[in-house]
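Comments concern the structure below.
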Amino acid sequence: MRKAVMILIALICVGTAVNRNAFKSDISNRDVVQGVGIDINNDGSYTVTLETINTENYSNADGAAKPVMNLRTLNGKTVSAAIKSAYSIDGKTPVLSQNRVIVIGKELAEKGILPSLDFFIRDAENYPTVQIAAVEEKASDFFKNASSESTVVSRNIEKILLTSDDDMAVSSITLCELMNRSKSAGHSFYVPIIETFKEKDRPEIKSKGTVVFKEGKYSCSLNEEETVSLNFLCNKARRGSVDFNTDSGAAAISIIKSKTVRSADYSADKPVFNIKIEIDADIAESDTDAGYNLSKSEISSLKGYGEEKVKADVEKLIQKLYSDKKADAAGLSRLIYIHYPDLFRKNEKNLSGIMTESQYSVEVEICVRRIGQDYVS
């Protein structure tokens with residue numbers, strides 16, 4: 001009996017060692033991709049930057065002393081060819097199932113990004129929920145500038161973009177959303193912009209507004225304040241704050257909940273788009289002499305100033321997008337497609353002109369649910 005137990009223990013030890021070595025070999029032969037950067041070259045070929053997990057950390061005892069991530073820069077006639085060339089260089093297979101973000105370089109944005117994203121839609125290994133971001137430089141340079149020995153750049157980008165639920169100055173879009181919008185009536189969509197900055201001698205990443213694309217090509221950029229209005233317009237404003245000035249000084253409201261209802265009326269010669277923004281808010285700050293105890297009239301006044309601020313900003317953005325740039329980034333033309341299909345088909349070739357000539361009515365209603373925490377002496 002004792003001999004049988006000893007044999008069983010020996011077999012388990014051998015099996016464990018074999019499995020461990022197989023695991024090491026398997027991980028060492030793979031490049032687990034966390035982020036992808038795409039740039040276009042003058043000859044139309046692509047430069048692809050892969051941020052991959054440093055698998056030596058898993059297969060060597062001294063792995064903790066090595067960088068957490070590796071950067072690989074690859075070239076190819078197509079995006080898929082560039083990525084697949086990694087295997088012929090060092091025998092490692094890129095694994096894209098763990099990819100978190102695709103970063104678009106400036107020149108690629110100007111020439112058109114849709115062809116470069118085709119591989120990520122067709123390849124079964126990719127997830128359609130991967131985040132898309134743009135930079136105002138080469139994507140390869142961005143990854144180099146943002147990298148450090150302990151930084152996972154792609155994970156940091158993803159975290160920043162997902163804060164759009166709590167910070168209305170940040171926009172976000174997934175690969176699936178982008179492709180759906182690119183096939184919709186207006187053929188316009190938007191992508192968040194990110195950039196690097198130095199913080200205590202180490203690189204950090206932050207959001208820097210939004211870039212609008214028309215027919216897949218760069219149309220214009222929106223700053224952070226315009227991005228807030230875009231989130232309101234697209235019913236993507238969840239939580240955040242709105243700052244404004246009053247006759248008494250500066251003030252701010254914190255948004256508890258926001259909902260935007262959009263409708264279209266095409267019964268006349270020109271469509272009329274009605275945008276109603278409903279906001280539940282808390283008064284975050286009011287620089288007045290009244291102190292903490294705000295009267296009903298003062299609350300009503302702050303509510304009015306806040307409504308005017310949001311309304312004016314959204315109307316200004318509509319002017320920029322639909323009159324100046326003729327880019328339907330908010331997807332309002334889809335309302336015509338849904339509710340007036342016959343008129344849509346009749347005017348599809350002149351849709352951009354119709355959207356420019358349309359009327360846009362913006363209504364903002366703020367309900368003040370709280371005026372700050374109760375003070376207890």
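Simple scheme: letters A, B, ... for chains in structure tokens order, numbers from 1 for residues in each chain, numbers from 1 for ligands in the order shown.
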(request) Extract the full set of alpha helix (DSSP H) residues from range 20-252 of chain A according to DSSP on the backbone, and format it as a ChimeraX atom specification. (result) /A:20-28,56-59,79-90,106-111,114-122,139-146,153-162,175-182,224-233
Keeping only C-alpha atoms, write the selected residues as a PDB file, in the first residue's frame.
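See selection01.pdb below for the written result:
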ATOM      1  CA  ARG A  20       4.256  23.365 -15.935  1.00  0.00           C
ATOM      2  CA  ASN A  21       6.826  23.116 -18.689  1.00  0.00           C
ATOM      3  CA  ALA A  22       4.071  22.812 -21.296  1.00  0.00           C
ATOM      4  CA  PHE A  23       2.391  25.935 -19.849  1.00  0.00           C
ATOM      5  CA  LYS A  24       5.678  27.833 -19.965  1.00  0.00           C
ATOM      6  CA  SER A  25       6.299  26.740 -23.537  1.00  0.00           C
ATOM      7  CA  ASP A  26       2.755  27.612 -24.595  1.00  0.00           C
ATOM      8  CA  ILE A  27       2.826  31.111 -23.061  1.00  0.00           C
ATOM      9  CA  SER A  28       6.363  31.812 -24.288  1.00  0.00           C
ATOM     10  CA  GLU A  56       9.194  36.130 -19.925  1.00  0.00           C
ATOM     11  CA  ASN A  57       7.703  37.235 -16.620  1.00  0.00           C
ATOM     12  CA  TYR A  58       5.753  33.956 -16.595  1.00  0.00           C
ATOM     13  CA  SER A  59       8.517  31.635 -17.711  1.00  0.00           C
ATOM     14  CA  VAL A  79      -3.220  45.519 -41.181  1.00  0.00           C
ATOM     15  CA  SER A  80      -3.638  41.738 -40.978  1.00  0.00           C
ATOM     16  CA  ALA A  81      -0.381  41.175 -42.887  1.00  0.00           C
ATOM     17  CA  ALA A  82       1.493  43.462 -40.500  1.00  0.00           C
ATOM     18  CA  ILE A  83       0.139  41.647 -37.428  1.00  0.00           C
ATOM     19  CA  LYS A  84       0.755  38.186 -38.838  1.00  0.00           C
ATOM     20  CA  SER A  85       4.337  39.108 -39.742  1.00  0.00           C
ATOM     21  CA  ALA A  86       5.150  38.880 -36.016  1.00  0.00           C
ATOM     22  CA  TYR A  87       5.214  35.083 -36.255  1.00  0.00           C
ATOM     23  CA  SER A  88       7.785  35.043 -39.048  1.00  0.00           C
ATOM     24  CA  ILE A  89      10.060  37.345 -37.042  1.00  0.00           C
ATOM     25  CA  ASP A  90      10.303  35.461 -33.744  1.00  0.00           C
ATOM     26  CA  LYS A 106      -3.512  61.271 -37.063  1.00  0.00           C
ATOM     27  CA  GLU A 107      -2.537  60.643 -40.701  1.00  0.00           C
ATOM     28  CA  LEU A 108      -4.727  57.555 -40.840  1.00  0.00           C
ATOM     29  CA  ALA A 109      -7.660  59.564 -39.447  1.00  0.00           C
ATOM     30  CA  GLU A 110      -7.208  62.149 -42.198  1.00  0.00           C
ATOM     31  CA  LYS A 111      -7.063  59.550 -44.983  1.00  0.00           C
ATOM     32  CA  LEU A 114     -12.653  52.276 -42.089  1.00  0.00           C
ATOM     33  CA  PRO A 115     -10.435  50.100 -44.344  1.00  0.00           C
ATOM     34  CA  SER A 116      -7.930  49.635 -41.515  1.00  0.00           C
ATOM     35  CA  LEU A 117     -10.635  48.324 -39.173  1.00  0.00           C
ATOM     36  CA  ASP A 118     -11.963  45.677 -41.570  1.00  0.00           C
ATOM     37  CA  PHE A 119      -9.628  42.968 -40.201  1.00  0.00           C
ATOM     38  CA  PHE A 120     -10.867  43.473 -36.632  1.00  0.00           C
ATOM     39  CA  ILE A 121     -14.465  42.931 -37.750  1.00  0.00           C
ATOM     40  CA  ARG A 122     -13.787  39.834 -39.857  1.00  0.00           C
ATOM     41  CA  ALA A 139       0.031  55.851 -32.842  1.00  0.00           C
ATOM     42  CA  SER A 140       3.488  54.263 -32.634  1.00  0.00           C
ATOM     43  CA  ASP A 141       4.919  57.441 -31.066  1.00  0.00           C
ATOM     44  CA  PHE A 142       2.010  57.634 -28.634  1.00  0.00           C
ATOM     45  CA  PHE A 143       2.660  54.132 -27.298  1.00  0.00           C
ATOM     46  CA  LYS A 144       6.391  54.845 -26.956  1.00  0.00           C
ATOM     47  CA  ASN A 145       5.765  58.119 -25.115  1.00  0.00           C
ATOM     48  CA  ALA A 146       3.169  56.562 -22.797  1.00  0.00           C
ATOM     49  CA  VAL A 153      -0.810  51.645 -21.642  1.00  0.00           C
ATOM     50  CA  SER A 154      -3.858  49.941 -23.168  1.00  0.00           C
ATOM     51  CA  ARG A 155      -5.387  49.187 -19.782  1.00  0.00           C
ATOM     52  CA  ASN A 156      -4.977  52.821 -18.753  1.00  0.00           C
ATOM     53  CA  ILE A 157      -6.616  54.003 -21.991  1.00  0.00           C
ATOM     54  CA  GLU A 158      -9.552  51.658 -21.448  1.00  0.00           C
ATOM     55  CA  LYS A 159     -10.041  52.884 -17.869  1.00  0.00           C
ATOM     56  CA  ILE A 160     -10.072  56.528 -19.007  1.00  0.00           C
ATOM     57  CA  LEU A 161     -12.573  55.905 -21.808  1.00  0.00           C
ATOM     58  CA  LEU A 162     -14.899  53.971 -19.519  1.00  0.00           C
ATOM     59  CA  LEU A 175     -15.663  48.932 -32.567  1.00  0.00           C
ATOM     60  CA  CYS A 176     -19.193  47.574 -32.999  1.00  0.00           C
ATOM     61  CA  GLU A 177     -20.816  50.984 -32.399  1.00  0.00           C
ATOM     62  CA  LEU A 178     -18.416  52.689 -34.786  1.00  0.00           C
ATOM     63  CA  MET A 179     -19.073  50.230 -37.611  1.00  0.00           C
ATOM     64  CA  ASN A 180     -22.845  50.450 -37.114  1.00  0.00           C
ATOM     65  CA  ARG A 181     -22.724  54.255 -37.264  1.00  0.00           C
ATOM     66  CA  SER A 182     -20.495  54.180 -40.333  1.00  0.00           C
ATOM     67  CA  GLU A 224     -14.019  68.946 -23.713  1.00  0.00           C
ATOM     68  CA  GLU A 225     -16.917  71.405 -23.377  1.00  0.00           C
ATOM     69  CA  GLU A 226     -18.196  70.461 -26.832  1.00  0.00           C
ATOM     70  CA  THR A 227     -17.824  66.787 -25.913  1.00  0.00           C
ATOM     71  CA  VAL A 228     -20.181  67.374 -22.965  1.00  0.00           C
ATOM     72  CA  SER A 229     -22.761  68.790 -25.391  1.00  0.00           C
ATOM     73  CA  LEU A 230     -22.228  65.861 -27.754  1.00  0.00           C
ATOM     74  CA  ASN A 231     -22.922  63.412 -24.922  1.00  0.00           C
ATOM     75  CA  PHE A 232     -26.119  65.308 -24.111  1.00  0.00           C
ATOM     76  CA  LEU A 233     -27.142  65.296 -27.771  1.00  0.00           C
TER      77      LEU A 233
END
(message) At a cut-off of 8 Å, using only C-alpha atoms, what residues contact Val242 in chain A? Leave out same-chain residues fewer than 3 positions from it and give the result as a list in words.
(response)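 The neighbour list is Ala252, Ile253, Ser254, Ile255, Gly306 and Val310 of chain A.
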(request) Do a neighbour search on Ile366 in chain A at 8 Å with only C-alpha atoms, toss out local chain neighbours closer than 2 positions, and write the hits as an MDAnalysis selection string. (result) chainID A and resid 278:281 303 306:307 364 368
(message) If you run DSSP on the backbone here, which positions in range 152-360 of chain A get strand (DSSP E)? Please write them as number ranges by chain.
(response) A: 188-199, 202-214, 217-222, 240-245, 250-265, 272-286, 359-360
Given the selection you just returned, output its residues as a file containing C-alpha atoms, formatted as a PDB file, in the first residue's frame.
ATOM      1  CA  SER A 188     -20.739  60.095 -39.554  1.00  0.00           C
ATOM      2  CA  PHE A 189     -19.382  59.001 -36.200  1.00  0.00           C
ATOM      3  CA  TYR A 190     -17.013  60.212 -33.483  1.00  0.00           C
ATOM      4  CA  VAL A 191     -13.986  58.829 -31.635  1.00  0.00           C
ATOM      5  CA  PRO A 192     -12.426  60.036 -28.351  1.00  0.00           C
ATOM      6  CA  ILE A 193      -9.023  61.739 -28.461  1.00  0.00           C
ATOM      7  CA  ILE A 194      -6.326  60.851 -25.919  1.00  0.00           C
ATOM      8  CA  GLU A 195      -2.890  62.295 -25.235  1.00  0.00           C
ATOM      9  CA  THR A 196       0.102  61.806 -22.950  1.00  0.00           C
ATOM     10  CA  PHE A 197       1.493  64.189 -20.355  1.00  0.00           C
ATOM     11  CA  LYS A 198       4.250  64.071 -17.735  1.00  0.00           C
ATOM     12  CA  GLU A 199       3.287  63.639 -14.089  1.00  0.00           C
ATOM     13  CA  ARG A 202       6.389  59.480 -15.462  1.00  0.00           C
ATOM     14  CA  PRO A 203       4.036  59.405 -18.469  1.00  0.00           C
ATOM     15  CA  GLU A 204       0.292  59.598 -17.881  1.00  0.00           C
ATOM     16  CA  ILE A 205      -2.684  59.510 -20.252  1.00  0.00           C
ATOM     17  CA  LYS A 206      -5.728  61.767 -20.356  1.00  0.00           C
ATOM     18  CA  SER A 207      -8.765  62.450 -22.529  1.00  0.00           C
ATOM     19  CA  LYS A 208      -8.611  65.445 -24.854  1.00  0.00           C
ATOM     20  CA  GLY A 209     -12.051  65.789 -26.407  1.00  0.00           C
ATOM     21  CA  THR A 210     -13.440  64.078 -29.481  1.00  0.00           C
ATOM     22  CA  VAL A 211     -12.743  63.810 -33.205  1.00  0.00           C
ATOM     23  CA  VAL A 212     -15.667  63.703 -35.655  1.00  0.00           C
ATOM     24  CA  PHE A 213     -15.482  61.627 -38.828  1.00  0.00           C
ATOM     25  CA  LYS A 214     -17.561  62.096 -41.963  1.00  0.00           C
ATOM     26  CA  LYS A 217     -12.434  60.658 -42.721  1.00  0.00           C
ATOM     27  CA  TYR A 218     -11.474  63.339 -40.210  1.00  0.00           C
ATOM     28  CA  SER A 219     -13.954  66.211 -40.218  1.00  0.00           C
ATOM     29  CA  CYS A 220     -13.333  68.272 -37.073  1.00  0.00           C
ATOM     30  CA  SER A 221     -12.267  68.111 -33.438  1.00  0.00           C
ATOM     31  CA  LEU A 222     -14.363  68.920 -30.369  1.00  0.00           C
ATOM     32  CA  GLY A 240     -20.963  64.774 -14.277  1.00  0.00           C
ATOM     33  CA  SER A 241     -21.151  68.491 -13.640  1.00  0.00           C
ATOM     34  CA  VAL A 242     -22.146  71.677 -15.454  1.00  0.00           C
ATOM     35  CA  ASP A 243     -20.437  74.953 -14.546  1.00  0.00           C
ATOM     36  CA  PHE A 244     -21.966  78.333 -15.357  1.00  0.00           C
ATOM     37  CA  ASN A 245     -21.923  81.972 -14.346  1.00  0.00           C
ATOM     38  CA  ALA A 250     -19.943  81.133 -10.441  1.00  0.00           C
ATOM     39  CA  ALA A 251     -22.126  78.097  -9.797  1.00  0.00           C
ATOM     40  CA  ALA A 252     -22.234  74.402 -10.624  1.00  0.00           C
ATOM     41  CA  ILE A 253     -24.701  71.546 -10.637  1.00  0.00           C
ATOM     42  CA  SER A 254     -23.923  67.837 -10.274  1.00  0.00           C
ATOM     43  CA  ILE A 255     -25.964  65.646 -12.571  1.00  0.00           C
ATOM     44  CA  ILE A 256     -27.645  62.735 -10.847  1.00  0.00           C
ATOM     45  CA  LYS A 257     -29.421  61.445 -13.935  1.00  0.00           C
ATOM     46  CA  SER A 258     -29.875  62.681 -17.495  1.00  0.00           C
ATOM     47  CA  LYS A 259     -32.075  61.596 -20.380  1.00  0.00           C
ATOM     48  CA  THR A 260     -32.310  63.005 -23.899  1.00  0.00           C
ATOM     49  CA  VAL A 261     -35.425  62.356 -25.977  1.00  0.00           C
ATOM     50  CA  ARG A 262     -35.055  63.012 -29.720  1.00  0.00           C
ATOM     51  CA  SER A 263     -37.812  63.152 -32.316  1.00  0.00           C
ATOM     52  CA  ALA A 264     -38.270  64.324 -35.899  1.00  0.00           C
ATOM     53  CA  ASP A 265     -41.187  65.943 -37.725  1.00  0.00           C
ATOM     54  CA  VAL A 272     -37.737  69.676 -37.581  1.00  0.00           C
ATOM     55  CA  PHE A 273     -35.679  67.863 -34.957  1.00  0.00           C
ATOM     56  CA  ASN A 274     -36.825  68.210 -31.356  1.00  0.00           C
ATOM     57  CA  ILE A 275     -34.261  67.533 -28.644  1.00  0.00           C
ATOM     58  CA  LYS A 276     -35.480  67.503 -25.050  1.00  0.00           C
ATOM     59  CA  ILE A 277     -32.864  67.097 -22.312  1.00  0.00           C
ATOM     60  CA  GLU A 278     -34.190  66.153 -18.879  1.00  0.00           C
ATOM     61  CA  ILE A 279     -31.738  66.470 -15.997  1.00  0.00           C
ATOM     62  CA  ASP A 280     -32.045  65.535 -12.324  1.00  0.00           C
ATOM     63  CA  ALA A 281     -29.409  67.547 -10.486  1.00  0.00           C
ATOM     64  CA  ASP A 282     -27.871  68.526  -7.197  1.00  0.00           C
ATOM     65  CA  ILE A 283     -26.620  72.075  -6.621  1.00  0.00           C
ATOM     66  CA  ALA A 284     -22.912  71.438  -6.190  1.00  0.00           C
ATOM     67  CA  GLU A 285     -21.785  75.024  -5.606  1.00  0.00           C
ATOM     68  CA  SER A 286     -23.180  78.540  -5.560  1.00  0.00           C
ATOM     69  CA  GLN A 359     -34.571  73.171 -37.951  1.00  0.00           C
ATOM     70  CA  TYR A 360     -33.348  72.083 -34.525  1.00  0.00           C
TER      71      TYR A 360
END
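Among the candidates A:Ala169, A:Ala330, A:Lys92, A:Ile318, the residue lying nearest to Asn235 in chain A is A:Ala330 (atoms considered: only C-alpha atoms).
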(message) Report as a list in words all protein, DNA and RNA residues lying within 10 Å of Thr47 in chain A, evaluated on only C-alpha atoms, omitting residues in the same chain fewer than 5 positions from it.
(response)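 Residues meeting the cut-off are Gly37, Ile38, Asp39, Ile40, Asn41, Thr73, Leu74, Asn75, Gly76, Lys77, Thr78, Val79, Ala82, Ile83, Gly105, Lys138, Ala139 and Ser140 of chain A.
Computed from the coordinates, the CA of Ile53 in chain A to CA of Gly91 in chain A distance equals 15.6 Å.
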(request) Measuring atom to atom with only C-alpha atoms, identify which of A:Ala134, A:His339, A:Glu51, A:Asp123 is nearest to Ser267 in chain A. (result)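 The answer is A:His339, which sits nearest to Ser267 in chain A.
What separates CA of Ser301 in chain A from CA of Ala237 in chain A is a distance of 23.0 Å.
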